[in-house]
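Enquirer: Next up is a structure, given as structure tokens.
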Amino acid sequence: MTHFEYQTLGSLWLEVLLLIVCLAAWGYAVWSTRFQRPGVRIVVCTLRTMILTACYVLLHHPTWIHQESRPTETKIALLTDRSGSMQSLDGTDKSRYQRAIKSQSIFQSDEVKVDRYEFDQVAYGPIHHESSTLVVNGNKTDIYQSVTQLLNQTSDLKGMVLFSDGHDLGRITTMSLDETKAWLTRLDAPPINAVLVGEAQKGAEIAIHSLEAPAFSFVRAPLRIRATIMVREIDPPPAQIQLMEADKIVQVKDVQIDSQGFGTVDFEFYPETVGEHLYTVYVPPDTRESNQINNSQHILVQIGRDKISVLHIAGSITWDLNGLRSMFERNDQVDLTAFYIMRTREHVLHGIDGRNINPEEMALVPFPTEEIFDRQLYGFDVIIFQDFDAGNYFSDSYQARRLLTKIRNFIEQHHGGLIVVGGPRMAGGPSLGLSPLAECLPISPPTYRSPYRDESVTAKISKQSANHPLLQYFNTDENPINGYMEKVTLNPQAMPLLSAPDGTPLFATLEKGTGRVAFLNTSNSFQWLRGGLAEGKTGDTYYAFWDQLLRWSTQDPSLQQVKMIANKSTDRPLDLDVEILLRDRHFKPQPNAGVTVLLSGIGNESTYESRVVTSTSGQAQAKMSVVAPGYYSLSLVEKPWAEMCQRQIVFLGGSQDEFRNQEPVAETLERLASLSGGSFSTHADLTLDDMRWQANDEKQITEVRRLKLRNWIWNLPILMIIAGLEWYLRRSSHLA
Amino acid sequence: MKRRTFLKSTLLAALPAMGSPPDARFRFTLLQHGEHWSDRERALRQLAFEIQNRCNIPIDPDFDSVPIESALEAGSPFFVLTGKGPLPELSTAQADSLRIALNSGGFLLIDDQSASGDNQFITSAVAAMHRAFPEVEPAVLPSDHSIYQSYYLLKEARGRTNKANYLTGWNYGIRTIAAFSHNDLLGAMEADRMGSWTHNMEIGGGFRRELCFRLGINITYYVLTVNYKKDRAFPPVIERRRRL
């Protein structure tokens with residue numbers, strides 16, 4: 001193919017000016033031949049026109065271009081889904097991925113160039129080897145992201161073949177038809193020929209179609225799990241669905257199945273502990289069902305802590321209260337609800353203040369006993385009784401017994417924390433040791449009025465508690481105990497941490513049921529702060545002591561005797577690195593201790609063990625690897641470590657969503673195929689004739705030759721010949 | 001055992017018990033600064049007596065008095081600085097001591113005994129606070145400040161004189177660490193041993209004196225409970241009662 005290319009002189013006005021000059025010159029050249037004979041006149045005018053035209057053209061840098069080209073070859077991309085759901089066997093002996101790879105053999109043709117790609121969250125390739133086994137990474141399927149990435153990196157595709165089960169967890173399932181169409185247009189997508197791999201179940205069926213829950217939530221905050229149930233050919237449909245955690249039923253809800261066979265249930269509840277919680281949604285199976293495996297599904301939710309919700313109740317207004325409140329106000333992690341007794345019952349009943357002051361002139365509200373202890377109790381992480389004579393603030397003994405029993409349940413059954421600070425008012429009031437709370441108290445005043453010893457003593461740390469984290473920032477010399485309740489008794493199950501020289505317990509802890517209780521038998525810890533400042537120190541030990549006490553009460557994992565931290569990696573989704581710290585019940589690190597880490601599958605029988613020996617600091621590391629993705633329980637085997645270490649649940653294998661629901665979704669692929677101008681088929685009836693490609697009208701240029709005529713060596717001779725011929729004609733006609 | 005050994009061991013054993021333990025009870029601490037620091041001693045006893053009667057604050061009716069440089073040694077860091085005329089300038093040690101004491105939960109009430117038109121005390125008190133807290137500027141405490149609603153609901157600051165109906169405060173973070181009473185608050189509370197009021201009120205009488213005690217009690221509650229009345233349970237109740 002040959003053509004000319006010209007360049008302009010520059011601006012438009014210059015171009016117009018040149019054209020006018022040339023036309024004027026041409027007009028003059030024609031006009032000046034008016035006296036010649038007609039034959040000569042025509043020839044001279046023609047020659048002059050040729051010269052002017054050549055000059056005009058040469059001023060525009062004419063370039064002669066010759067191209068040689070040939071048609072391009074048809075290039076298509078095979079895009080194979082390799083996400084977690086493609087491992088599903090669907091009752092056959094080959095996985096969906098293997099079936100997809102096998103059906104791609106029809107694309108071995110010389111007419112088309114085939115590039116192979118794989119995808120899950122993103123596209124990988126081109127892949128130059130054929131693999132029939134899926135390397136499991138468990139990543140979720142994102143067709144939108146993968147197709148976008150592929151089309152952005154390759155621009156000459158005539159078509160695409162997408163092998164997938166259509167089980168997409170990306171954006172495409174939430175896009176409308178118009179959005180999908182706009183997306184494909186923006187990408188200038190070639191026809192996408194979608195091939196469905198996998199077979200949908202048929203016959204009578206009840207299944208958990210999908211579970212929706214946040215991957216992360218907060219302790220004592222509402223957690224919502226939405227379950228969608230699918231029922232087919234079973235009448236009457238199931239009426240109830242259970243939400244379970246391990247063997248414990250969390251909630252049971254009624255479900256209404258609509259005419260399409262779907263029903264949705266929302267479970268809402270308040271997790272009480274941090275860590276990984278594995279919830280199971282379960283629908284009782286029907287005898288007509290052929291597949292009962294999908295009647296339950298797991299969902300793992302990580303529960304963390306946003307803030308420590310503290311209920312602070314003070315029985316008297318003291319500097320100790322000021323110190324504790326200041327400590328809470330400076331701590332961003334504390335969500336404080338406080339109630340301080342600013343006027344006692346005696347002030348109100350007996351009128352000790354001697355004045356009949358209208359309550360509307362005061363900023364006091366009655367102690368909301370029912371509101372706090374009856375309705376809001378389980379929303380708190382820790383309750384602090386600071387020098388609080390609780391028995392004086394209940395209307396009768398029945399109410400006192402009922403509400404204090406509720407606090408005991410909060411501790412024993414709901415992972416609650418209780419910190420009791422003993423002081424003169426508590427010593428002088430009804431004893432908590434005679435209340436339903438007595439069993440939960442590490443130290444209890446046994447009588448109605450305990451004597452209060454107003455004396456400064458240096459506390460003694462018991463040998464066994466020297467390593468206890470609550471005493472990490474406590475120094476017996478710098479933190480004197482100024483005043484304490486006498487004749488209190490230590491609960492036999494409690495761990496004494498501090499005691500007075502006369503043996504009176506001053507600080508003790510008790511783990512009762514699922515909760516924790518600490519009793520500090522002095523209400524002058526604020527003086528640790530001021531004493532430190534007076535000695536020129538920062539006084540931070542006071543804040544550190546209380547911060548540690550709060551964290552211990554809320555069962556902060558970092559303060560457990562035995563710590564087991566499971567680390568997963570996105571690169572190696574089936575591997576697990578486990579860090580272990582072994583400390584005995586008194587927090588003393590255990591060197592050279594052998595321990596077996598057990599990883600056992602939930603819902604399958606697989607178990608994995610790793611034996612490790614701790615270092616001198618009591619630490620050890622274990623590396624474990626599993627074969628199949630799924631939920632696993634991580635624990636220690638040997639006693640006493642097994643009892644001191646909480647079992648952890650982990651999901652190995654990438655995306656939980658991908659693992660949980662593996663039902664093929666043909667609709668996703670059908671929509672993609674129809675909107676892009678491609679075809680839809682299943683892998684079983686796949687033929688090359690059904691495929692649709694873009695028409696191949698593009699050609700590949702193989703050679704280009706360019707000649708700039710201005711630089712052509714024959715330009716000047718030809719012009720001179722024409723000019724000489726014109727001059728000769730004029731001379732021979734006697735006109736020159 | 002020899003008699004001398006017995007006496008010696010008994011005496012040594014008794015020694016720790018003789019050392020008075022730091023009293024945890026609340027008490028006022030007068031700062032020994034300026035010429036008139038002790039002029040209102042009996043007012044503090046009177047206020048302590050009223051607090052003992054009306055409030056759930058274990059309080060010592062007696063008070064401490066310390067020089068400013070020893071402020072950190074005070075067991076109960078509610079400091080009262082009262083006087084009239086110019087105050088001596090704070091030394092660096094005094095400023096440091098006052099700063100640390102107030103930073104660690106303490107509070108300073110400065111009460112002006114001066115008559116109307118005499119600004120020497122307030123000028124020197126502001127200069128002293130500026131030396132201890134150069135980064136904090138004094139500001140009028142708003143009428144919804146916790147001090148005006150920590151126990152009684154009060155509309156404005158009162159005192160023996162009637163120079164200003166507000167308190168001036170030094171706010172540090174979320175706390176007010178010091179307040180200046182323009183109206184000789186302690187003067188209104190001072191009574192002799194027989195219970196007769198020592199000073200006449202410039203305006204009003206009995207109920208105005210009662211409002212002074214209420215302000216004193218409110219300041220005490222504010223110091224101990226900080227912003228408790230700003231917790232979410234109280235503002236709606238207080239708002240409603242103030243509207244009545």
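Residues are referred to by chain and number: the chain letter is A, B, ... according to the order shown in the structure tokens, the number counts from 1 in that chain, and ligands are numbered separately from 1 in the order shown.
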Report as a list in words all protein, DNA and RNA residues lying within 9 Å of stretch 249-265 of chain A, evaluated on only C-alpha atoms, omitting residues in the same chain fewer than 5 positions from it.
Expert: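 Once the adjacent positions are removed, what remains is His209, Ile225, Arg226, Ala227, Thr228, Ile229, Met230, Val231, Arg232, Glu233, Pro237, Pro238, Ala239, Gln240, Ile241, Gln242, Leu243, Met244 and Tyr279 of chain A.
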Enquirer: Which residues of chain A come within 9 Å of chain B, and what is each one's closest atom pair and distance in Å (one decimal), counting only C-alpha atoms, sorted by chain and residue number, as a Markdown table?
Expert:
```
| residue | atom | partner | partner_atom | distance |
| --- | --- | --- | --- | --- |
| A:Gly315 | CA | B:Asn56 | CA | 8.3 |
| A:Ser316 | CA | B:Asn56 | CA | 5.7 |
| A:Ile317 | CA | B:Ile57 | CA | 5.0 |
| A:Thr318 | CA | B:Ile57 | CA | 6.4 |
| A:Trp319 | CA | B:Leu224 | CA | 6.1 |
| A:Asp320 | CA | B:Ala24 | CA | 8.2 |
| A:Leu321 | CA | B:Leu224 | CA | 7.0 |
| A:Asn322 | CA | B:Leu224 | CA | 4.9 |
| A:Gly323 | CA | B:Gly105 | CA | 7.1 |
| A:Arg325 | CA | B:Thr225 | CA | 7.2 |
| A:Ser326 | CA | B:Gly105 | CA | 7.5 |
| A:Glu329 | CA | B:Ile174 | CA | 8.7 |
| A:Leu336 | CA | B:Asp231 | CA | 8.6 |
| A:Thr337 | CA | B:Asp231 | CA | 7.5 |
| A:Ala338 | CA | B:Tyr228 | CA | 7.5 |
| A:Phe339 | CA | B:Tyr228 | CA | 8.4 |
| A:Tyr340 | CA | B:Thr225 | CA | 8.5 |
| A:Ile341 | CA | B:Asn56 | CA | 7.0 |
| A:Met342 | CA | B:Asn56 | CA | 5.1 |
| A:Arg343 | CA | B:Asn56 | CA | 5.1 |
| A:Thr344 | CA | B:Asn56 | CA | 6.2 |
| A:His347 | CA | B:Arg54 | CA | 6.8 |
| A:Gly351 | CA | B:Arg54 | CA | 8.6 |
| A:Ile352 | CA | B:Asn53 | CA | 5.8 |
| A:Asp353 | CA | B:Arg54 | CA | 4.3 |
| A:Gly354 | CA | B:Asn53 | CA | 7.8 |
| A:Arg355 | CA | B:Arg54 | CA | 8.7 |
| A:Glu360 | CA | B:Arg241 | CA | 5.8 |
| A:Glu361 | CA | B:Leu153 | CA | 5.4 |
| A:Met362 | CA | B:Tyr152 | CA | 4.2 |
| A:Ala363 | CA | B:Tyr151 | CA | 5.2 |
| A:Leu364 | CA | B:Tyr151 | CA | 6.6 |
| A:Val365 | CA | B:Phe234 | CA | 7.9 |
| A:Asp454 | CA | B:Pro21 | CA | 7.2 |
| A:Glu455 | CA | B:Pro21 | CA | 5.3 |
| A:Ser456 | CA | B:Pro21 | CA | 5.1 |
| A:Val457 | CA | B:Pro21 | CA | 8.7 |
| A:Asn482 | CA | B:Pro21 | CA | 6.8 |
| A:Gly483 | CA | B:Pro21 | CA | 8.3 |
| A:Ser523 | CA | B:Ala24 | CA | 8.2 |
| A:Asn524 | CA | B:Ala24 | CA | 6.5 |
| A:Gln527 | CA | B:Gly75 | CA | 7.8 |
| A:Leu529 | CA | B:Ser104 | CA | 7.7 |
| A:Arg530 | CA | B:Ser104 | CA | 7.0 |
| A:Gly531 | CA | B:Glu73 | CA | 7.8 |
| A:Leu533 | CA | B:Leu72 | CA | 7.1 |
| A:Ala534 | CA | B:Leu72 | CA | 5.2 |
| A:Glu535 | CA | B:Leu72 | CA | 8.8 |
| A:Gly539 | CA | B:Ser104 | CA | 8.7 |
```
Enquirer: Which residues come within 10 Å of stretch 623-636 of chain A, counting only C-alpha atoms, excluding same-chain residues fewer than 3 positions away, as a JSON list (two decimals) with N, CA and C atoms, in the first residue's frame?
Expert:
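The resulting file, part32.json, is shown below:
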```json
[["chain", "number", "residue", "atom", "x", "y", "z"],
["A", 84, "GLY", "N", -10.84, -21.57, 45.64],
["A", 84, "GLY", "CA", -11.07, -22.70, 46.55],
["A", 84, "GLY", "C", -12.23, -23.59, 46.12],
["A", 87, "GLN", "N", -12.10, -26.87, 43.87],
["A", 87, "GLN", "CA", -11.64, -28.19, 44.33],
["A", 87, "GLN", "C", -12.79, -29.16, 44.50],
["A", 136, "VAL", "N", -3.72, -25.52, 45.75],
["A", 136, "VAL", "CA", -4.75, -24.87, 46.56],
["A", 136, "VAL", "C", -4.19, -23.64, 47.23],
["A", 137, "ASN", "N", -4.80, -22.52, 46.99],
["A", 137, "ASN", "CA", -4.45, -21.37, 47.81],
["A", 137, "ASN", "C", -5.68, -20.83, 48.52],
["A", 138, "GLY", "N", -6.85, -21.35, 48.14],
["A", 138, "GLY", "CA", -8.07, -21.02, 48.88],
["A", 138, "GLY", "C", -8.54, -19.60, 48.70],
["A", 278, "LEU", "N", -16.05, -19.81, 66.53],
["A", 278, "LEU", "CA", -16.58, -20.56, 65.40],
["A", 278, "LEU", "C", -18.06, -20.84, 65.65],
["A", 298, "HIS", "N", -20.23, -23.49, 58.95],
["A", 298, "HIS", "CA", -19.49, -22.78, 59.98],
["A", 298, "HIS", "C", -19.18, -21.36, 59.52],
["A", 299, "ILE", "N", -19.01, -20.50, 60.50],
["A", 299, "ILE", "CA", -18.48, -19.17, 60.18],
["A", 299, "ILE", "C", -17.60, -18.73, 61.36],
["A", 300, "LEU", "N", -16.41, -18.30, 61.02],
["A", 300, "LEU", "CA", -15.44, -17.91, 62.05],
["A", 300, "LEU", "C", -15.42, -16.39, 62.17],
["A", 562, "VAL", "N", -0.28, -19.33, 80.04],
["A", 562, "VAL", "CA", 0.17, -20.00, 78.83],
["A", 562, "VAL", "C", -0.36, -19.24, 77.63],
["A", 564, "MET", "N", -0.54, -18.90, 73.48],
["A", 564, "MET", "CA", -0.37, -19.62, 72.22],
["A", 564, "MET", "C", -0.87, -18.68, 71.12],
["A", 565, "ILE", "N", 0.05, -18.25, 70.26],
["A", 565, "ILE", "CA", -0.32, -17.30, 69.21],
["A", 565, "ILE", "C", -0.18, -18.00, 67.86],
["A", 566, "ALA", "N", -1.27, -18.04, 67.12],
["A", 566, "ALA", "CA", -1.27, -18.69, 65.81],
["A", 566, "ALA", "C", -1.12, -17.63, 64.73],
["A", 567, "ASN", "N", -0.08, -17.78, 63.92],
["A", 567, "ASN", "CA", 0.17, -16.82, 62.84],
["A", 567, "ASN", "C", -0.05, -17.50, 61.49],
["A", 572, "ARG", "N", 1.23, -18.68, 52.23],
["A", 572, "ARG", "CA", 1.14, -20.12, 52.50],
["A", 572, "ARG", "C", -0.12, -20.37, 53.32],
["A", 573, "PRO", "N", -1.28, -20.38, 52.65],
["A", 573, "PRO", "CA", -2.55, -20.42, 53.40],
["A", 573, "PRO", "C", -2.77, -21.72, 54.16],
["A", 574, "LEU", "N", -2.05, -22.76, 53.83],
["A", 574, "LEU", "CA", -2.27, -24.02, 54.54],
["A", 574, "LEU", "C", -1.25, -24.23, 55.65],
["A", 575, "ASP", "N", -0.38, -23.27, 55.87],
["A", 575, "ASP", "CA", 0.65, -23.39, 56.91],
["A", 575, "ASP", "C", 0.27, -22.55, 58.12],
["A", 576, "LEU", "N", 0.76, -22.98, 59.26],
["A", 576, "LEU", "CA", 0.47, -22.26, 60.50],
["A", 576, "LEU", "C", 1.73, -22.22, 61.35],
["A", 577, "ASP", "N", 2.10, -21.03, 61.78],
["A", 577, "ASP", "CA", 3.22, -20.88, 62.71],
["A", 577, "ASP", "C", 2.65, -20.60, 64.08],
["A", 578, "VAL", "N", 3.07, -21.40, 65.07],
["A", 578, "VAL", "CA", 2.50, -21.26, 66.41],
["A", 578, "VAL", "C", 3.61, -20.85, 67.38],
["A", 579, "GLU", "N", 3.38, -19.75, 68.08],
["A", 579, "GLU", "CA", 4.33, -19.31, 69.12],
["A", 579, "GLU", "C", 3.74, -19.69, 70.47],
["A", 580, "ILE", "N", 4.57, -20.26, 71.32],
["A", 580, "ILE", "CA", 4.08, -20.75, 72.62],
["A", 580, "ILE", "C", 4.94, -20.15, 73.73],
["A", 595, "VAL", "N", 6.20, -30.06, 74.97],
["A", 595, "VAL", "CA", 4.76, -29.92, 74.85],
["A", 595, "VAL", "C", 4.36, -30.25, 73.40],
["A", 596, "THR", "N", 3.20, -30.85, 73.26],
["A", 596, "THR", "CA", 2.73, -31.24, 71.93],
["A", 596, "THR", "C", 1.60, -30.31, 71.50],
["A", 597, "VAL", "N", 1.78, -29.73, 70.34],
["A", 597, "VAL", "CA", 0.74, -28.86, 69.79],
["A", 597, "VAL", "C", -0.14, -29.72, 68.89],
["A", 598, "LEU", "N", -1.43, -29.66, 69.13],
["A", 598, "LEU", "CA", -2.37, -30.49, 68.39],
["A", 598, "LEU", "C", -3.27, -29.62, 67.52],
["A", 599, "LEU", "N", -3.31, -29.94, 66.24],
["A", 599, "LEU", "CA", -4.19, -29.23, 65.31],
["A", 599, "LEU", "C", -5.18, -30.26, 64.78],
["A", 600, "SER", "N", -6.43, -30.15, 65.19],
["A", 600, "SER", "CA", -7.39, -31.17, 64.77],
["A", 600, "SER", "C", -8.51, -30.52, 63.97],
["A", 601, "GLY", "N", -8.87, -31.17, 62.89],
["A", 601, "GLY", "CA", -9.87, -30.64, 61.98],
["A", 601, "GLY", "C", -11.27, -30.65, 62.59],
["A", 602, "ILE", "N", -12.02, -29.63, 62.29],
["A", 602, "ILE", "CA", -13.41, -29.57, 62.75],
["A", 602, "ILE", "C", -14.28, -29.97, 61.56],
["A", 603, "GLY", "N", -15.03, -31.03, 61.73],
["A", 603, "GLY", "CA", -15.84, -31.53, 60.63],
["A", 603, "GLY", "C", -15.12, -32.56, 59.79],
["A", 604, "ASN", "N", -13.84, -32.77, 60.08],
["A", 604, "ASN", "CA", -13.14, -33.88, 59.44],
["A", 604, "ASN", "C", -12.21, -34.52, 60.48],
["A", 606, "SER", "N", -9.01, -35.27, 60.34],
["A", 606, "SER", "CA", -7.56, -35.08, 60.24],
["A", 606, "SER", "C", -6.99, -34.41, 61.50],
["A", 607, "THR", "N", -5.85, -34.91, 61.95],
["A", 607, "THR", "CA", -5.14, -34.31, 63.08],
["A", 607, "THR", "C", -3.66, -34.18, 62.74],
["A", 608, "TYR", "N", -3.07, -33.16, 63.27],
["A", 608, "TYR", "CA", -1.64, -32.91, 63.04],
["A", 608, "TYR", "C", -1.01, -32.58, 64.38],
["A", 609, "GLU", "N", 0.17, -33.09, 64.63],
["A", 609, "GLU", "CA", 0.85, -32.85, 65.91],
["A", 609, "GLU", "C", 2.24, -32.32, 65.66],
["A", 610, "SER", "N", 2.69, -31.50, 66.59],
["A", 610, "SER", "CA", 4.06, -31.02, 66.51],
["A", 610, "SER", "C", 4.60, -30.96, 67.94],
["A", 611, "ARG", "N", 5.72, -31.59, 68.14],
["A", 611, "ARG", "CA", 6.32, -31.65, 69.48],
["A", 611, "ARG", "C", 7.42, -30.60, 69.58],
["A", 612, "VAL", "N", 7.36, -29.74, 70.59],
["A", 612, "VAL", "CA", 8.39, -28.70, 70.75],
["A", 612, "VAL", "C", 8.89, -28.70, 72.19],
["A", 639, "LYS", "N", -0.97, -32.08, 80.20],
["A", 639, "LYS", "CA", -1.40, -31.33, 81.37],
["A", 639, "LYS", "C", -0.16, -30.80, 82.08],
["A", 640, "PRO", "N", -0.19, -29.70, 82.78],
["A", 640, "PRO", "CA", -1.37, -28.86, 83.01],
["A", 640, "PRO", "C", -1.57, -27.80, 81.92],
["A", 641, "TRP", "N", -0.67, -27.82, 80.88],
["A", 641, "TRP", "CA", -0.73, -26.73, 79.90],
["A", 641, "TRP", "C", -2.07, -26.72, 79.16],
["A", 642, "ALA", "N", -2.60, -27.92, 78.92],
["A", 642, "ALA", "CA", -3.86, -28.01, 78.18],
["A", 642, "ALA", "C", -4.98, -27.27, 78.91],
["A", 643, "GLU", "N", -4.97, -27.36, 80.26],
["A", 643, "GLU", "CA", -6.03, -26.70, 81.03],
["A", 643, "GLU", "C", -5.81, -25.19, 81.10],
["A", 644, "MET", "N", -4.55, -24.78, 81.05],
["A", 644, "MET", "CA", -4.25, -23.35, 81.23],
["A", 644, "MET", "C", -4.28, -22.58, 79.92],
["A", 645, "CYS", "N", -4.41, -23.31, 78.82],
["A", 645, "CYS", "CA", -4.36, -22.65, 77.52],
["A", 645, "CYS", "C", -5.71, -22.79, 76.84],
["A", 646, "GLN", "N", -6.26, -21.68, 76.42],
["A", 646, "GLN", "CA", -7.56, -21.74, 75.76],
["A", 646, "GLN", "C", -7.41, -22.31, 74.35],
["A", 647, "ARG", "N", -8.32, -23.19, 74.00],
["A", 647, "ARG", "CA", -8.34, -23.76, 72.66],
["A", 647, "ARG", "C", -8.62, -22.64, 71.65],
["A", 648, "GLN", "N", -7.92, -22.67, 70.55],
["A", 648, "GLN", "CA", -8.14, -21.64, 69.53],
["A", 648, "GLN", "C", -8.67, -22.29, 68.26],
["A", 649, "ILE", "N", -9.49, -21.52, 67.54],
["A", 649, "ILE", "CA", -10.02, -22.00, 66.27],
["A", 649, "ILE", "C", -9.37, -21.19, 65.16],
["A", 650, "VAL", "N", -8.89, -21.87, 64.15],
["A", 650, "VAL", "CA", -8.30, -21.16, 63.01],
["A", 650, "VAL", "C", -8.89, -21.71, 61.73],
["A", 651, "PHE", "N", -8.94, -20.86, 60.74],
["A", 651, "PHE", "CA", -9.32, -21.34, 59.40],
["A", 651, "PHE", "C", -8.07, -21.33, 58.53],
["A", 652, "LEU", "N", -7.76, -22.44, 57.93],
["A", 652, "LEU", "CA", -6.59, -22.53, 57.07],
["A", 652, "LEU", "C", -7.06, -22.79, 55.65],
["A", 653, "GLY", "N", -6.51, -22.05, 54.71],
["A", 653, "GLY", "CA", -6.88, -22.28, 53.31],
["A", 653, "GLY", "C", -7.43, -21.07, 52.62],
["A", 654, "GLY", "N", -7.12, -19.89, 53.11],
["A", 654, "GLY", "CA", -7.50, -18.66, 52.42],
["A", 654, "GLY", "C", -8.85, -18.14, 52.83],
["A", 655, "SER", "N", -9.80, -18.15, 51.86],
["A", 655, "SER", "CA", -11.08, -17.50, 52.10],
["A", 655, "SER", "C", -12.12, -18.47, 52.67],
["A", 656, "GLN", "N", -12.68, -18.08, 53.80],
["A", 656, "GLN", "CA", -13.76, -18.88, 54.40],
["A", 656, "GLN", "C", -14.96, -18.95, 53.49],
["A", 659, "PHE", "N", -14.69, -21.45, 50.83],
["A", 659, "PHE", "CA", -14.74, -22.82, 51.34],
["A", 659, "PHE", "C", -16.16, -23.21, 51.72],
["A", 660, "ARG", "N", -16.90, -22.21, 52.21],
["A", 660, "ARG", "CA", -18.19, -22.51, 52.84],
["A", 660, "ARG", "C", -19.27, -22.88, 51.82]]
```
Enquirer: If you measure from atom CA of A:Thr63 to atom CA of A:Gln7, what distance in Å do you get, rounded to one decimal?
Expert: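 Value for the atom CA of A:Thr63-atom CA of A:Gln7 distance: 8.8 Å.
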Enquirer: Tell me, in Å to one decimal, how far atom CA of B:Ser181 is from atom CA of B:Asp62.
Expert: 22.1 Å
Enquirer: Taking the DSSP secondary structure from the backbone, can you list the residues of stretch 394-512 of chain A that are alpha helix (DSSP H), as a list in words?
Expert: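 Put together, the selection reads Ser397, Tyr398, Gln399, Ala400, Arg401, Arg402, Leu403, Leu404, Thr405, Lys406, Ile407, Arg408, Asn409, Phe410, Ile411, Glu412, Gln413, Pro424, Arg425, Met426, Ala427 and Gly428 of chain A.
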Enquirer: Give me, as a PyMOL selection string, all polymer residues having an atom no more than 10 Å from B:Thr198, counting only C-alpha atoms and skipping those fewer than 4 positions away in the same chain.
Expert: chain B and resi 42-43+187-193
